[in-house]
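Down below is the structure, laid out as structure tokens.
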Amino acid sequence: MSVLKFLIKRLIYSIFVLLGLSVLIFGISRVLPGDPVRMALGARAPQWAVENMRAAMHLDQPLYAQYWYWLSGAVRGDLGQSLVTRRQVSADIAEFFPATLELALFAGIIMAAFGITFGAIAGRYRNRWIDNVIRIFSYIGVVTPSYVFAILFVLLFGYLLRVFPTIGRISGGIVRPPTITGLMTVDSLLSGNFVALGDAFLHLVLPGVSLALGSLAQQARIARASISDNLNKDYIASVRSFGVPERVIMCKYLLKPSLIPTMSILGLDFAGIVANAFLVELIFNWPGFSRYGVNAMLNKDLNAVAAVVMVLGMLFITVNILVDLGVAWLDPRVRLGTERGK
Amino acid sequence: MKRILVVALAIVLVCAAVGLADGVLRITFAWPCKIDPAVGSDQASSSALLNMYDTLVYPDTSGNALAHVATSWEVSDDSLVWTFHLRNDVRFHDGTTLTAEDVKYSMDRLLTTGEGYAFLFLGRVESTAAIDDYTVRFTFSKPFGPFLTTLYRLYILNKDLVEAQTSASGPYGEKGDYGKGFLTDHDAGSGPYTCREFRVEEELVMDKNPSYWMPMDAQAPSEVHFIGTTEAATVRTLLARGELEISDQWQTNEAFAALDQIDGVDVMAMTPGQAFYMMIHNRKAPTDDIHFRKAMAYAMDYQTVVTQIFPGTVQARGPVPQNVPGADPTVFQYTRDLAKAREELALSPYDPDKYPIEIHWVAEVPDEEKICLLFMSNMAEIGIKVKVVKVPWMSVIDEMAQMETSAHIVTVFDSPHFPEAGSLIESRYHSSSAPTWEQNEWLLDPELDALIERSIATVDRTERFALYAQIQHTIVDLCPSIFPFEDVERHAYRSDRIVWPAAEGEVNPIMGYPFAARLIRILP
């Protein structure tokens, strides 16, 4: 199957997945306790104001009609108004999603680079002291939630050593770059504002590393296990018997096939960071998408909840497709899941 | 490599210098903050609004109304018409002059949208008229005594600016969106600070208004940042690094103790007029019986509450915190007396064995559980069985909307909407509030309602306060609630960097007003 066919097929599947997801989240958000409009307007708001807002949001209509209004709006790019920020949800997402994306990309780069490197070292030198050290740190990384790292880093690098900023995306006194991509570092670079670039990068370090550590440790463990498995395979013994140097075996014959399980988990971890960054964003006062989503749920901000879930759904689907393509590239045996067994 | 290190060091130094910028006041708040005067009504929003907007009158530390944009005012003989005379030298941030039309527009907008602090005026203010450029008249449908104190929440908008920025499409007919889109992240005020930037999920930045009509201390902050975080580790780090001047109030006892240990940081406490209530259902067996309620009130261990669970607070005396104007210090105060509790229980027709009760506490406020567990233990001593139930706030609101679904007891913090006893009395015990989260008692007492309405309608302050006192005695006699304690609001602040009147004891008992930045001085 060609890549194009694969992509078309997956995209068609994705539409059904997203439709199912939208029905699910729409239903769940409507049956949760609490009147969202009353919550937004306050206990003392007059009933007519509550009714007016209900009517404006079509909440006075039957559930299927509400869903239709929402779906037809969403198709046009109108995700409705947020009850919390009182802005268009699409504007909120355009502002907050890039902030989390930047954080996730930074964390993703760290977790991929260091996770695979540490895993490769541990696998190559298994049962030696360096393997033991990496394994111990991997265990610690896997079992420690990212918010614990975040608090520790704030106290260590912010409170005691005072070397990194601890809140926001950029310091108050620094001229912010114009919004081009929404990624502060990229926009700083594109606009040639190098002071902002350095400052934005410093702001990324603590939250980014906090988010990366857990997944990094997992990557290291998976990469180690995969390399250890492949080391015992016949083809490696065969290559070795030809007198190929160990470094070449590692880089040319071992690393690529060993990355397949790592690649699958990496994609899911990346999407997971976007979805689960709430506490880290809260600790670092990072104006991100994950925090926005949780606040929306706590405040029963119906339009925002639906939009956040749909964006996350799209993100997971996209990442899964990319992972499948990546795995196919890494492993020639995989023909995108259709020609197996022929 | 060396060059990279030098650049990195330079960036760190730039950041450090930014953090230590002169004249900056930074305060953390629980978020979100809403800076539209017809939308915001919580602490962060109220604090922001009073810094960016002016009001007709301004409260002193006793809650009395002082002339501000209004120089004087008079009330008609029938108390239905209030006329205010305005200063002619108040300029909005765009340089235009504030006139009576702007006051009228602000009130009309608030009443039309029905949000924010509109509830203070709805059903009371019938119309607003600009008599001339500097005279504005409010006409009431019925007399409203505490009107002056509610005017602390009428923030005056620049009508021309808002109209120019109003979107034609919106839910308010010919008024379109009534400027709501624009005012979500801009100001249109004449206050001592202007909105420079509002990042809705993160921070509000305000600059000093150089042409403010009132004289401002040279040491008043040149810029003010409201930061949307209450995270303990972050707040502690910011305070220690000198990147925060005042913390939010939502830190735990342990966190405040740790903050107090930081050099240059002190913890202050003020009484914001907030109290904690255990709201007893008065129309559901067995708590519909006054003796059963009194038995519970006598069995409650108030001292443990104020010394162990909420240290630093004081036991409440009736329904109104004592620093709220109009509170009566002579009302009866229940103290723990198990003998009296058993006597009252013996008078009740209900056998406590057959009538277990439920107490619902708000899941989002974990400290409430401690009081509920203490209550359960106290009640067990007199034979009343209590089931403690944790309920999410959204569900609390839902179940309290109907008499049948309201629990025997619900715990809640509440504070006055305008700085007078009448506000709490009305919102807690008038029948109109029965289906809201502010009243689980379901008193529905026509006589009490009439008395409350009479007090609110009385313009003469002395007379009004006498009626408030009478109502407080009546309420305590009915024992509709248990009054465990009056809350204190604590903040950690950099006493080596700022002089904060609220920390010096000059506490304005109205939500937001202790954060009037123009009255805070930044030390050189």
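Residues are referred to by chain and number: the chain letter is A, B, ... according to the order shown in the structure tokens, the number counts from 1 in that chain, and ligands are numbered separately from 1 in the order shown.
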For chain B, which residues have at least one atom within 6 Å of chain A, if we go by only C-alpha atoms? Write them as a PyMOL selection string, please.
chain B and resi 18+114-115+119+201-202+231+237+394-395+398
Let me see the file: selected residues, N, CA and C atoms, as an mmCIF file, in the first residue's frame.
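Here's the written file out09.cif:
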```cif
data_model
loop_
_atom_site.group_PDB
_atom_site.id
_atom_site.type_symbol
_atom_site.label_atom_id
_atom_site.label_comp_id
_atom_site.auth_asym_id
_atom_site.auth_seq_id
_atom_site.Cartn_x
_atom_site.Cartn_y
_atom_site.Cartn_z
ATOM 1 N N VAL B 18 15.585 42.328 35.570
ATOM 2 C CA VAL B 18 14.149 42.504 35.295
ATOM 3 C C VAL B 18 13.344 42.210 36.550
ATOM 4 N N GLY B 114 -26.833 42.307 33.468
ATOM 5 C CA GLY B 114 -27.260 41.500 34.629
ATOM 6 C C GLY B 114 -26.153 40.701 35.274
ATOM 7 N N GLU B 115 -24.916 40.935 34.879
ATOM 8 C CA GLU B 115 -23.805 40.133 35.410
ATOM 9 C C GLU B 115 -22.995 40.927 36.433
ATOM 10 N N PHE B 119 -26.409 42.571 40.508
ATOM 11 C CA PHE B 119 -27.432 42.168 41.477
ATOM 12 C C PHE B 119 -27.608 43.194 42.602
ATOM 13 N N GLU B 201 -4.905 34.033 31.010
ATOM 14 C CA GLU B 201 -4.667 32.869 31.864
ATOM 15 C C GLU B 201 -3.464 33.067 32.782
ATOM 16 N N GLU B 202 -2.822 34.216 32.672
ATOM 17 C CA GLU B 202 -1.506 34.339 33.274
ATOM 18 C C GLU B 202 -1.340 35.578 34.150
ATOM 19 N N GLU B 231 0.153 28.605 43.663
ATOM 20 C CA GLU B 231 0.970 27.421 43.907
ATOM 21 C C GLU B 231 2.042 27.721 44.958
ATOM 22 N N THR B 237 9.083 30.798 46.190
ATOM 23 C CA THR B 237 10.273 31.141 45.414
ATOM 24 C C THR B 237 10.237 32.596 44.972
ATOM 25 N N MET B 394 -20.134 22.086 42.469
ATOM 26 C CA MET B 394 -21.206 22.146 41.476
ATOM 27 C C MET B 394 -22.437 21.360 41.940
ATOM 28 N N SER B 395 -22.172 20.252 42.614
ATOM 29 C CA SER B 395 -23.293 19.450 43.104
ATOM 30 C C SER B 395 -23.953 20.116 44.303
ATOM 31 N N ASP B 398 -26.346 22.523 42.976
ATOM 32 C CA ASP B 398 -27.508 21.809 42.438
ATOM 33 C C ASP B 398 -28.462 21.330 43.527
#
```
